[in-house]
Structures are given as structure tokens and as C-alpha cells.
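**Student:** Below is the file query-v9.txt, with compact mmCIF, N, CA and C atoms.
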# COMPACT_ATOMS: atom_id res chain seq x y z
N MET A 11 35.90 79.47 -0.48
CA MET A 11 36.11 78.69 0.72
C MET A 11 35.31 77.40 0.58
N LYS A 12 35.97 76.31 0.82
CA LYS A 12 35.29 75.02 0.75
C LYS A 12 34.82 74.63 2.15
N LEU A 13 33.57 74.21 2.20
CA LEU A 13 33.01 73.71 3.44
C LEU A 13 32.48 72.31 3.19
N SER A 14 32.63 71.47 4.18
CA SER A 14 32.11 70.11 4.05
C SER A 14 30.59 70.14 4.08
N ARG A 15 30.03 69.05 3.60
CA ARG A 15 28.57 68.90 3.62
C ARG A 15 28.03 69.04 5.04
N GLU A 16 28.75 68.46 5.99
CA GLU A 16 28.33 68.52 7.39
C GLU A 16 28.32 69.96 7.91
N LYS A 17 29.35 70.74 7.53
CA LYS A 17 29.40 72.12 8.00
C LYS A 17 28.30 72.96 7.37
N ILE A 18 28.02 72.73 6.10
CA ILE A 18 26.93 73.45 5.44
C ILE A 18 25.60 73.10 6.10
N ASN A 19 25.38 71.83 6.40
CA ASN A 19 24.15 71.42 7.09
C ASN A 19 24.07 72.04 8.48
N HIS A 20 25.19 72.07 9.18
CA HIS A 20 25.21 72.67 10.51
C HIS A 20 24.87 74.16 10.43
N LEU A 21 25.48 74.86 9.48
CA LEU A 21 25.19 76.28 9.31
C LEU A 21 23.72 76.50 8.97
N SER A 22 23.17 75.64 8.11
CA SER A 22 21.76 75.80 7.73
C SER A 22 20.85 75.64 8.94
N LYS A 23 21.21 74.73 9.83
CA LYS A 23 20.40 74.54 11.05
C LYS A 23 20.51 75.75 11.97
N LEU A 24 21.70 76.32 12.07
CA LEU A 24 21.87 77.52 12.91
C LEU A 24 21.08 78.70 12.34
N ILE A 25 21.14 78.87 11.02
CA ILE A 25 20.40 79.96 10.38
C ILE A 25 18.90 79.75 10.55
N LEU A 26 18.43 78.53 10.32
CA LEU A 26 17.02 78.22 10.49
C LEU A 26 16.57 78.49 11.92
N HIS A 27 17.39 78.08 12.88
CA HIS A 27 17.07 78.32 14.29
C HIS A 27 16.92 79.82 14.56
N GLY A 28 17.84 80.61 13.99
CA GLY A 28 17.75 82.06 14.15
C GLY A 28 16.47 82.62 13.55
N PHE A 29 16.10 82.11 12.37
CA PHE A 29 14.85 82.54 11.74
C PHE A 29 13.65 82.18 12.61
N LEU A 30 13.63 80.96 13.12
CA LEU A 30 12.48 80.50 13.90
C LEU A 30 12.34 81.25 15.21
N GLU A 31 13.44 81.73 15.75
CA GLU A 31 13.41 82.48 17.00
C GLU A 31 12.94 83.92 16.80
N ASP A 32 12.94 84.40 15.57
CA ASP A 32 12.57 85.78 15.27
C ASP A 32 11.05 85.89 15.09
N ASP A 33 10.39 86.54 16.03
CA ASP A 33 8.93 86.68 15.99
C ASP A 33 8.45 87.54 14.83
N ARG A 34 9.33 88.28 14.19
CA ARG A 34 8.92 89.14 13.08
C ARG A 34 8.75 88.36 11.79
N LEU A 35 9.22 87.11 11.76
CA LEU A 35 9.17 86.29 10.55
C LEU A 35 8.02 85.30 10.62
N GLU A 36 7.40 85.09 9.48
CA GLU A 36 6.32 84.11 9.38
C GLU A 36 6.64 83.19 8.19
N PHE A 37 6.45 81.90 8.38
CA PHE A 37 6.82 80.94 7.34
C PHE A 37 5.60 80.20 6.83
N PHE A 38 5.64 79.91 5.53
CA PHE A 38 4.53 79.24 4.88
C PHE A 38 4.98 77.94 4.23
N CYS A 39 5.96 77.32 4.83
CA CYS A 39 6.45 76.03 4.33
C CYS A 39 6.97 75.23 5.51
N GLU A 40 7.30 73.99 5.24
CA GLU A 40 7.82 73.12 6.29
C GLU A 40 9.24 73.57 6.67
N GLU A 41 9.60 73.36 7.93
CA GLU A 41 10.93 73.75 8.40
C GLU A 41 12.03 73.10 7.58
N ASN A 42 11.89 71.81 7.28
CA ASN A 42 12.95 71.13 6.54
C ASN A 42 13.07 71.67 5.11
N ASP A 43 11.95 72.05 4.50
CA ASP A 43 12.02 72.64 3.16
C ASP A 43 12.78 73.97 3.20
N LEU A 44 12.54 74.74 4.23
CA LEU A 44 13.24 76.01 4.40
C LEU A 44 14.74 75.75 4.63
N ARG A 45 15.05 74.77 5.46
CA ARG A 45 16.45 74.43 5.73
C ARG A 45 17.15 73.99 4.45
N LEU A 46 16.48 73.19 3.63
CA LEU A 46 17.07 72.74 2.36
C LEU A 46 17.31 73.91 1.41
N GLU A 47 16.42 74.88 1.43
CA GLU A 47 16.63 76.08 0.59
C GLU A 47 17.82 76.88 1.10
N ILE A 48 17.99 76.95 2.40
CA ILE A 48 19.16 77.62 2.98
C ILE A 48 20.43 76.91 2.54
N VAL A 49 20.42 75.57 2.55
CA VAL A 49 21.57 74.78 2.08
C VAL A 49 21.88 75.13 0.63
N ASN A 50 20.87 75.18 -0.21
CA ASN A 50 21.08 75.50 -1.63
C ASN A 50 21.69 76.89 -1.80
N ILE A 51 21.19 77.85 -1.06
CA ILE A 51 21.72 79.22 -1.15
C ILE A 51 23.17 79.26 -0.69
N LEU A 52 23.47 78.60 0.42
CA LEU A 52 24.85 78.56 0.90
C LEU A 52 25.78 77.94 -0.14
N ARG A 53 25.36 76.84 -0.75
CA ARG A 53 26.18 76.19 -1.78
C ARG A 53 26.41 77.10 -2.98
N MET A 54 25.35 77.76 -3.43
CA MET A 54 25.47 78.67 -4.58
C MET A 54 26.43 79.82 -4.26
N GLU A 55 26.29 80.38 -3.08
CA GLU A 55 27.17 81.49 -2.69
C GLU A 55 28.62 81.04 -2.58
N LEU A 56 28.84 79.86 -2.04
CA LEU A 56 30.21 79.35 -1.94
C LEU A 56 30.80 79.08 -3.32
N GLU A 57 29.99 78.60 -4.25
CA GLU A 57 30.46 78.38 -5.62
C GLU A 57 30.84 79.70 -6.28
N ILE A 58 30.02 80.71 -6.10
CA ILE A 58 30.32 82.02 -6.66
C ILE A 58 31.62 82.55 -6.06
N GLU A 59 31.76 82.40 -4.77
CA GLU A 59 32.96 82.87 -4.07
C GLU A 59 34.21 82.17 -4.60
N GLU A 60 34.13 80.86 -4.80
CA GLU A 60 35.26 80.11 -5.36
C GLU A 60 35.59 80.56 -6.77
N ASP A 61 34.56 80.80 -7.56
CA ASP A 61 34.76 81.24 -8.94
C ASP A 61 35.42 82.62 -8.99
N ILE A 62 34.99 83.52 -8.11
CA ILE A 62 35.60 84.84 -8.03
C ILE A 62 37.07 84.70 -7.65
N ASP A 63 37.35 83.88 -6.65
CA ASP A 63 38.74 83.66 -6.20
C ASP A 63 39.59 83.12 -7.35
N ASP A 64 39.08 82.14 -8.08
CA ASP A 64 39.83 81.58 -9.22
C ASP A 64 40.11 82.64 -10.27
N THR A 65 39.10 83.44 -10.60
CA THR A 65 39.26 84.50 -11.60
C THR A 65 40.31 85.51 -11.17
N VAL A 66 40.28 85.90 -9.91
CA VAL A 66 41.24 86.88 -9.39
C VAL A 66 42.65 86.31 -9.41
N ARG A 67 42.81 85.07 -9.00
CA ARG A 67 44.15 84.45 -9.00
C ARG A 67 44.70 84.36 -10.42
N LYS A 68 43.85 84.02 -11.39
CA LYS A 68 44.29 83.95 -12.78
C LYS A 68 44.69 85.32 -13.30
N ALA A 69 43.97 86.34 -12.89
CA ALA A 69 44.31 87.71 -13.30
C ALA A 69 45.68 88.10 -12.78
N ILE A 70 45.96 87.77 -11.54
CA ILE A 70 47.27 88.11 -10.95
C ILE A 70 48.37 87.29 -11.62
N GLU A 71 48.10 86.02 -11.91
CA GLU A 71 49.09 85.18 -12.58
C GLU A 71 49.40 85.66 -13.99
N SER A 72 48.48 86.39 -14.61
CA SER A 72 48.68 86.85 -15.98
C SER A 72 49.64 88.04 -16.07
N TYR A 73 49.97 88.63 -14.94
CA TYR A 73 50.92 89.75 -14.95
C TYR A 73 52.28 89.26 -15.43
N SER A 74 52.97 90.09 -16.19
CA SER A 74 54.29 89.69 -16.69
C SER A 74 55.30 89.58 -15.55
N LYS A 75 55.10 90.34 -14.51
CA LYS A 75 55.98 90.30 -13.35
C LYS A 75 55.53 89.16 -12.42
N ASP A 76 56.49 88.41 -11.89
CA ASP A 76 56.16 87.33 -10.95
C ASP A 76 55.82 87.93 -9.60
N ILE A 77 54.55 87.85 -9.23
CA ILE A 77 54.09 88.40 -7.96
C ILE A 77 53.74 87.23 -7.05
N ARG A 78 54.45 87.13 -5.97
CA ARG A 78 54.29 85.98 -5.07
C ARG A 78 53.16 86.21 -4.07
N GLU A 79 52.36 85.15 -3.91
CA GLU A 79 51.27 85.20 -2.94
C GLU A 79 51.84 85.41 -1.55
N GLY A 80 51.17 86.24 -0.77
CA GLY A 80 51.62 86.52 0.59
C GLY A 80 52.37 87.84 0.71
N THR A 81 52.81 88.38 -0.43
CA THR A 81 53.49 89.68 -0.39
C THR A 81 52.46 90.79 -0.32
N ASP A 82 52.89 91.96 0.10
CA ASP A 82 51.98 93.11 0.17
C ASP A 82 51.43 93.43 -1.22
N GLU A 83 52.29 93.36 -2.24
CA GLU A 83 51.85 93.66 -3.60
C GLU A 83 50.75 92.69 -4.04
N TRP A 84 50.93 91.40 -3.75
CA TRP A 84 49.93 90.40 -4.12
C TRP A 84 48.61 90.67 -3.40
N ASP A 85 48.70 90.97 -2.11
CA ASP A 85 47.49 91.23 -1.32
C ASP A 85 46.72 92.44 -1.86
N ILE A 86 47.45 93.49 -2.22
CA ILE A 86 46.81 94.69 -2.75
C ILE A 86 46.12 94.37 -4.07
N LEU A 87 46.83 93.67 -4.96
CA LEU A 87 46.24 93.30 -6.25
C LEU A 87 45.05 92.37 -6.07
N TYR A 88 45.17 91.41 -5.15
CA TYR A 88 44.08 90.48 -4.91
C TYR A 88 42.82 91.24 -4.49
N HIS A 89 42.95 92.13 -3.52
CA HIS A 89 41.78 92.87 -3.03
C HIS A 89 41.21 93.78 -4.12
N LYS A 90 42.07 94.39 -4.91
CA LYS A 90 41.61 95.25 -6.00
C LYS A 90 40.79 94.44 -7.00
N HIS A 91 41.36 93.33 -7.47
CA HIS A 91 40.66 92.50 -8.45
C HIS A 91 39.42 91.83 -7.83
N TYR A 92 39.53 91.43 -6.56
CA TYR A 92 38.40 90.80 -5.88
C TYR A 92 37.22 91.76 -5.82
N ASN A 93 37.48 93.01 -5.43
CA ASN A 93 36.40 94.00 -5.36
C ASN A 93 35.79 94.25 -6.72
N GLU A 94 36.62 94.34 -7.75
CA GLU A 94 36.12 94.57 -9.11
C GLU A 94 35.25 93.39 -9.57
N GLU A 95 35.73 92.19 -9.35
CA GLU A 95 35.00 90.99 -9.79
C GLU A 95 33.70 90.83 -9.01
N THR A 96 33.74 91.11 -7.72
CA THR A 96 32.54 91.02 -6.89
C THR A 96 31.51 92.05 -7.35
N LYS A 97 31.97 93.23 -7.65
CA LYS A 97 31.05 94.28 -8.11
C LYS A 97 30.41 93.88 -9.42
N LYS A 98 31.21 93.27 -10.35
CA LYS A 98 30.67 92.82 -11.63
C LYS A 98 29.60 91.76 -11.44
N ARG A 99 29.85 90.83 -10.55
CA ARG A 99 28.95 89.67 -10.40
C ARG A 99 27.78 89.93 -9.47
N ARG A 100 28.02 90.73 -8.46
CA ARG A 100 26.97 90.91 -7.45
C ARG A 100 26.47 92.34 -7.35
N GLY A 101 27.14 93.25 -8.02
CA GLY A 101 26.73 94.64 -7.97
C GLY A 101 27.10 95.33 -6.66
N VAL A 102 28.00 94.71 -5.89
CA VAL A 102 28.44 95.31 -4.63
C VAL A 102 29.96 95.27 -4.55
N SER A 103 30.50 96.14 -3.74
CA SER A 103 31.95 96.15 -3.52
C SER A 103 32.21 95.85 -2.06
N LEU A 104 33.25 95.06 -1.81
CA LEU A 104 33.60 94.72 -0.43
C LEU A 104 34.87 95.40 -0.03
When written as C-alpha cells, how does the structure in this file appear?

**Tutor:**
Amino acid sequence: MKLSREKINHLSKLILHGFLEDDRLEFFCEENDLRLEIVNILRMELEIEEDIDDTVRKAIESYSKDIREGTDEWDILYHKHYNEETKKRRGVSL
């Protein structure tokens, strides 16, 4: 999923606000430094997500049978390959 720079910054501010409101958390850095780290993590996660999506789409395209996006068969294959690829890269299944 592609998000604009503005949306990523907005999300980072919302996440930071949630962290700051939580009395169980203690921070040892400046708020803006923490927000910038949140931005970096969001960008990295979005890049991984895009890469997984590209890999899954290529896997489906490699089938000898023409499987059209939006069909039940395509959706099933997408989720199957997506879960496998996610597990390989992140060690979790969705």
C-alpha cells in the first residue's frame, strides 16, 4: 500500500500521541526523534508489504493457466502465497 509522505507523517503523529498518553511508557529521547523513528518504521513496513505483494503477484502470473485478478481462484491463490511469503519474511502468518 502506498501512502503519501503527508499521510505517513500524520500517522506518526497519531502513534506518538498515543504513546505519550500512555502512562505506562517512559521515553528517553526527544519527541521529534521518536516521531522520526516511527516514520522510518512505517516506511520500512510499507516497503516490505509492497515487496511481498509484488512477489505474490509474480507467483500467480507464473502459473500456466491465465488466472484473472478479482476471481475467487485468484483471491485464494493470493492469500495462500501472501501468507507463505509473510511467514518467510516475518515469521508470522496472517

**Student:** Name the closest residue to Leu13 (chain A) among the candidates A:Ile48, A:Glu57, A:Leu87, A:Ile25; distances are taken between atoms, counting only C-alpha atoms.

**Tutor:**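 Smallest separation from Leu13 (chain A) among the options: A:Glu57.
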
**Student:** Which of these residues is nearest to Leu21 (chain A), using only N, CA and C atoms: A:Asn93, A:Trp84, A:Asp43, A:Val49?

**Tutor:**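 That would be A:Val49, the residue with the smallest distance to Leu21 (chain A).
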
**Student:** Can you list, as a compact mmCIF listing (two decimals) with N, CA and C atoms, keeping the file's coordinate frame, every residue of chain A that DSSP puts in alpha helix (DSSP H)?

**Tutor:**
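Result file is result05.txt:
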# COMPACT_ATOMS: atom_id res chain seq x y z
N ARG A 15 30.03 69.05 3.60
CA ARG A 15 28.57 68.90 3.62
C ARG A 15 28.03 69.04 5.04
N GLU A 16 28.75 68.46 5.99
CA GLU A 16 28.33 68.52 7.39
C GLU A 16 28.32 69.96 7.91
N LYS A 17 29.35 70.74 7.53
CA LYS A 17 29.40 72.12 8.00
C LYS A 17 28.30 72.96 7.37
N ILE A 18 28.02 72.73 6.10
CA ILE A 18 26.93 73.45 5.44
C ILE A 18 25.60 73.10 6.10
N ASN A 19 25.38 71.83 6.40
CA ASN A 19 24.15 71.42 7.09
C ASN A 19 24.07 72.04 8.48
N HIS A 20 25.19 72.07 9.18
CA HIS A 20 25.21 72.67 10.51
C HIS A 20 24.87 74.16 10.43
N LEU A 21 25.48 74.86 9.48
CA LEU A 21 25.19 76.28 9.31
C LEU A 21 23.72 76.50 8.97
N SER A 22 23.17 75.64 8.11
CA SER A 22 21.76 75.80 7.73
C SER A 22 20.85 75.64 8.94
N LYS A 23 21.21 74.73 9.83
CA LYS A 23 20.40 74.54 11.05
C LYS A 23 20.51 75.75 11.97
N LEU A 24 21.70 76.32 12.07
CA LEU A 24 21.87 77.52 12.91
C LEU A 24 21.08 78.70 12.34
N ILE A 25 21.14 78.87 11.02
CA ILE A 25 20.40 79.96 10.38
C ILE A 25 18.90 79.75 10.55
N LEU A 26 18.43 78.53 10.32
CA LEU A 26 17.02 78.22 10.49
C LEU A 26 16.57 78.49 11.92
N HIS A 27 17.39 78.08 12.88
CA HIS A 27 17.07 78.32 14.29
C HIS A 27 16.92 79.82 14.56
N GLY A 28 17.84 80.61 13.99
CA GLY A 28 17.75 82.06 14.15
C GLY A 28 16.47 82.62 13.55
N PHE A 29 16.10 82.11 12.37
CA PHE A 29 14.85 82.54 11.74
C PHE A 29 13.65 82.18 12.61
N LEU A 30 13.63 80.96 13.12
CA LEU A 30 12.48 80.50 13.90
C LEU A 30 12.34 81.25 15.21
N GLU A 31 13.44 81.73 15.75
CA GLU A 31 13.41 82.48 17.00
C GLU A 31 12.94 83.92 16.80
N GLU A 41 9.60 73.36 7.93
CA GLU A 41 10.93 73.75 8.40
C GLU A 41 12.03 73.10 7.58
N ASN A 42 11.89 71.81 7.28
CA ASN A 42 12.95 71.13 6.54
C ASN A 42 13.07 71.67 5.11
N ASP A 43 11.95 72.05 4.50
CA ASP A 43 12.02 72.64 3.16
C ASP A 43 12.78 73.97 3.20
N LEU A 44 12.54 74.74 4.23
CA LEU A 44 13.24 76.01 4.40
C LEU A 44 14.74 75.75 4.63
N ARG A 45 15.05 74.77 5.46
CA ARG A 45 16.45 74.43 5.73
C ARG A 45 17.15 73.99 4.45
N LEU A 46 16.48 73.19 3.63
CA LEU A 46 17.07 72.74 2.36
C LEU A 46 17.31 73.91 1.41
N GLU A 47 16.42 74.88 1.43
CA GLU A 47 16.63 76.08 0.59
C GLU A 47 17.82 76.88 1.10
N ILE A 48 17.99 76.95 2.40
CA ILE A 48 19.16 77.62 2.98
C ILE A 48 20.43 76.91 2.54
N VAL A 49 20.42 75.57 2.55
CA VAL A 49 21.57 74.78 2.08
C VAL A 49 21.88 75.13 0.63
N ASN A 50 20.87 75.18 -0.21
CA ASN A 50 21.08 75.50 -1.63
C ASN A 50 21.69 76.89 -1.80
N ILE A 51 21.19 77.85 -1.06
CA ILE A 51 21.72 79.22 -1.15
C ILE A 51 23.17 79.26 -0.69
N LEU A 52 23.47 78.60 0.42
CA LEU A 52 24.85 78.56 0.90
C LEU A 52 25.78 77.94 -0.14
N ARG A 53 25.36 76.84 -0.75
CA ARG A 53 26.18 76.19 -1.78
C ARG A 53 26.41 77.10 -2.98
N MET A 54 25.35 77.76 -3.43
CA MET A 54 25.47 78.67 -4.58
C MET A 54 26.43 79.82 -4.26
N GLU A 55 26.29 80.38 -3.08
CA GLU A 55 27.17 81.49 -2.69
C GLU A 55 28.62 81.04 -2.58
N LEU A 56 28.84 79.86 -2.04
CA LEU A 56 30.21 79.35 -1.94
C LEU A 56 30.80 79.08 -3.32
N GLU A 57 29.99 78.60 -4.25
CA GLU A 57 30.46 78.38 -5.62
C GLU A 57 30.84 79.70 -6.28
N ILE A 58 30.02 80.71 -6.10
CA ILE A 58 30.32 82.02 -6.66
C ILE A 58 31.62 82.55 -6.06
N GLU A 59 31.76 82.40 -4.77
CA GLU A 59 32.96 82.87 -4.07
C GLU A 59 34.21 82.17 -4.60
N GLU A 60 34.13 80.86 -4.80
CA GLU A 60 35.26 80.11 -5.36
C GLU A 60 35.59 80.56 -6.77
N ASP A 61 34.56 80.80 -7.56
CA ASP A 61 34.76 81.24 -8.94
C ASP A 61 35.42 82.62 -8.99
N ILE A 62 34.99 83.52 -8.11
CA ILE A 62 35.60 84.84 -8.03
C ILE A 62 37.07 84.70 -7.65
N ASP A 63 37.35 83.88 -6.65
CA ASP A 63 38.74 83.66 -6.20
C ASP A 63 39.59 83.12 -7.35
N ASP A 64 39.08 82.14 -8.08
CA ASP A 64 39.83 81.58 -9.22
C ASP A 64 40.11 82.64 -10.27
N THR A 65 39.10 83.44 -10.60
CA THR A 65 39.26 84.50 -11.60
C THR A 65 40.31 85.51 -11.17
N VAL A 66 40.28 85.90 -9.91
CA VAL A 66 41.24 86.88 -9.39
C VAL A 66 42.65 86.31 -9.41
N ARG A 67 42.81 85.07 -9.00
CA ARG A 67 44.15 84.45 -9.00
C ARG A 67 44.70 84.36 -10.42
N LYS A 68 43.85 84.02 -11.39
CA LYS A 68 44.29 83.95 -12.78
C LYS A 68 44.69 85.32 -13.30
N ALA A 69 43.97 86.34 -12.89
CA ALA A 69 44.31 87.71 -13.30
C ALA A 69 45.68 88.10 -12.78
N ILE A 70 45.96 87.77 -11.54
CA ILE A 70 47.27 88.11 -10.95
C ILE A 70 48.37 87.29 -11.62
N GLU A 71 48.10 86.02 -11.91
CA GLU A 71 49.09 85.18 -12.58
C GLU A 71 49.40 85.66 -13.99
N ASP A 82 52.89 91.96 0.10
CA ASP A 82 51.98 93.11 0.17
C ASP A 82 51.43 93.43 -1.22
N GLU A 83 52.29 93.36 -2.24
CA GLU A 83 51.85 93.66 -3.60
C GLU A 83 50.75 92.69 -4.04
N TRP A 84 50.93 91.40 -3.75
CA TRP A 84 49.93 90.40 -4.12
C TRP A 84 48.61 90.67 -3.40
N ASP A 85 48.70 90.97 -2.11
CA ASP A 85 47.49 91.23 -1.32
C ASP A 85 46.72 92.44 -1.86
N ILE A 86 47.45 93.49 -2.22
CA ILE A 86 46.81 94.69 -2.75
C ILE A 86 46.12 94.37 -4.07
N LEU A 87 46.83 93.67 -4.96
CA LEU A 87 46.24 93.30 -6.25
C LEU A 87 45.05 92.37 -6.07
N TYR A 88 45.17 91.41 -5.15
CA TYR A 88 44.08 90.48 -4.91
C TYR A 88 42.82 91.24 -4.49
N HIS A 89 42.95 92.13 -3.52
CA HIS A 89 41.78 92.87 -3.03
C HIS A 89 41.21 93.78 -4.12
N LYS A 90 42.07 94.39 -4.91
CA LYS A 90 41.61 95.25 -6.00
C LYS A 90 40.79 94.44 -7.00
N HIS A 91 41.36 93.33 -7.47
CA HIS A 91 40.66 92.50 -8.45
C HIS A 91 39.42 91.83 -7.83
N TYR A 92 39.53 91.43 -6.56
CA TYR A 92 38.40 90.80 -5.88
C TYR A 92 37.22 91.76 -5.82
N ASN A 93 37.48 93.01 -5.43
CA ASN A 93 36.40 94.00 -5.36
C ASN A 93 35.79 94.25 -6.72
N GLU A 94 36.62 94.34 -7.75
CA GLU A 94 36.12 94.57 -9.11
C GLU A 94 35.25 93.39 -9.57
N GLU A 95 35.73 92.19 -9.35
CA GLU A 95 35.00 90.99 -9.79
C GLU A 95 33.70 90.83 -9.01
N THR A 96 33.74 91.11 -7.72
CA THR A 96 32.54 91.02 -6.89
C THR A 96 31.51 92.05 -7.35
N LYS A 97 31.97 93.23 -7.65
CA LYS A 97 31.05 94.28 -8.11
C LYS A 97 30.41 93.88 -9.42
N LYS A 98 31.21 93.27 -10.35
CA LYS A 98 30.67 92.82 -11.63
C LYS A 98 29.60 91.76 -11.44
N ARG A 99 29.85 90.83 -10.55
CA ARG A 99 28.95 89.67 -10.40
C ARG A 99 27.78 89.93 -9.47
N ARG A 100 28.02 90.73 -8.46
CA ARG A 100 26.97 90.91 -7.45
C ARG A 100 26.47 92.34 -7.35

**Student:** Near region 60-68 of chain A, within 6.5 Å and counting all atoms listed in the file, which residues show up once chain neighbours fewer than 6 positions away are dropped, as a list in words?

**Tutor:**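 Neighbouring residues, sequence-local ones excluded: Met11, Tyr88, His91, Tyr92 and Glu95 of chain A.
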
**Student:** Suppose you want the space between atom N of Met54 (chain A) and atom C of Arg99 (chain A); what is it in Å?

**Tutor:**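 Between these atoms lies a distance of 13.8 Å.
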
**Student:** One decimal, Å: what's the distance from CA of Glu59 (chain A) over to atom N of Glu41 (chain A), could you say?

**Tutor:**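 Pair CA of Glu59 (chain A) / atom N of Glu41 (chain A) returns 27.9 Å.
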
**Student:** Quick one, how far is atom N of Asp76 (chain A) from atom N of Lys97 (chain A)?

**Tutor:**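 These atoms are spaced 25.3 Å apart.
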
**Student:** Is it possible to get the axis-aligned box enclosing region 28-46 of chain A (all listed atoms, 6 Å extra per side) as JSON, with centre and edge lengths in Å rounded to one decimal?

**Tutor:**
{"center_x": 11.2, "center_y": 80.1, "center_z": 9.2, "size_x": 25.3, "size_y": 30.0, "size_z": 27.6}

**Student:** For region 11-28 of chain A, write N, CA and C atoms out as a CSV table (one decimal), in the first residue's frame.

**Tutor:**
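Saved result, out15.csv, follows:
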chain,number,residue,atom,x,y,z
A,11,MET,N,0.9,-1.2,0.0
A,11,MET,CA,0.0,0.0,0.0
A,11,MET,C,0.9,1.2,0.0
A,12,LYS,N,0.6,2.1,-0.9
A,12,LYS,CA,1.4,3.4,-1.0
A,12,LYS,C,0.7,4.4,-0.2
A,13,LEU,N,1.5,5.1,0.7
A,13,LEU,CA,0.9,6.2,1.4
A,13,LEU,C,1.8,7.4,1.1
A,14,SER,N,1.1,8.6,1.0
A,14,SER,CA,1.9,9.8,0.8
A,14,SER,C,2.7,10.2,2.0
A,15,ARG,N,3.7,11.0,1.8
A,15,ARG,CA,4.6,11.5,2.9
A,15,ARG,C,3.7,12.1,4.0
A,16,GLU,N,2.7,12.9,3.5
A,16,GLU,CA,1.8,13.6,4.5
A,16,GLU,C,1.1,12.6,5.4
A,17,LYS,N,0.6,11.5,4.7
A,17,LYS,CA,-0.2,10.5,5.5
A,17,LYS,C,0.7,9.8,6.5
A,18,ILE,N,1.9,9.5,6.0
A,18,ILE,CA,2.9,8.8,7.0
A,18,ILE,C,3.2,9.7,8.1
A,19,ASN,N,3.4,11.0,7.9
A,19,ASN,CA,3.7,11.9,9.0
A,19,ASN,C,2.5,12.1,9.9
A,20,HIS,N,1.3,12.1,9.3
A,20,HIS,CA,0.1,12.2,10.1
A,20,HIS,C,-0.1,10.9,11.0
A,21,LEU,N,0.2,9.8,10.4
A,21,LEU,CA,0.1,8.5,11.2
A,21,LEU,C,1.1,8.5,12.3
A,22,SER,N,2.3,9.0,12.0
A,22,SER,CA,3.4,9.0,13.0
A,22,SER,C,3.0,9.9,14.2
A,23,LYS,N,2.3,11.0,13.9
A,23,LYS,CA,1.9,12.0,15.0
A,23,LYS,C,0.8,11.3,15.8
A,24,LEU,N,-0.1,10.6,15.2
A,24,LEU,CA,-1.2,9.9,15.9
A,24,LEU,C,-0.6,8.8,16.8
A,25,ILE,N,0.4,8.0,16.3
A,25,ILE,CA,1.0,7.0,17.1
A,25,ILE,C,1.8,7.6,18.2
A,26,LEU,N,2.5,8.7,18.0
A,26,LEU,CA,3.3,9.3,19.0
A,26,LEU,C,2.3,9.8,20.1
A,27,HIS,N,1.2,10.4,19.7
A,27,HIS,CA,0.3,11.0,20.7
A,27,HIS,C,-0.3,9.8,21.5
A,28,GLY,N,-0.5,8.7,20.9
A,28,GLY,CA,-1.0,7.5,21.7
A,28,GLY,C,0.0,7.1,22.7
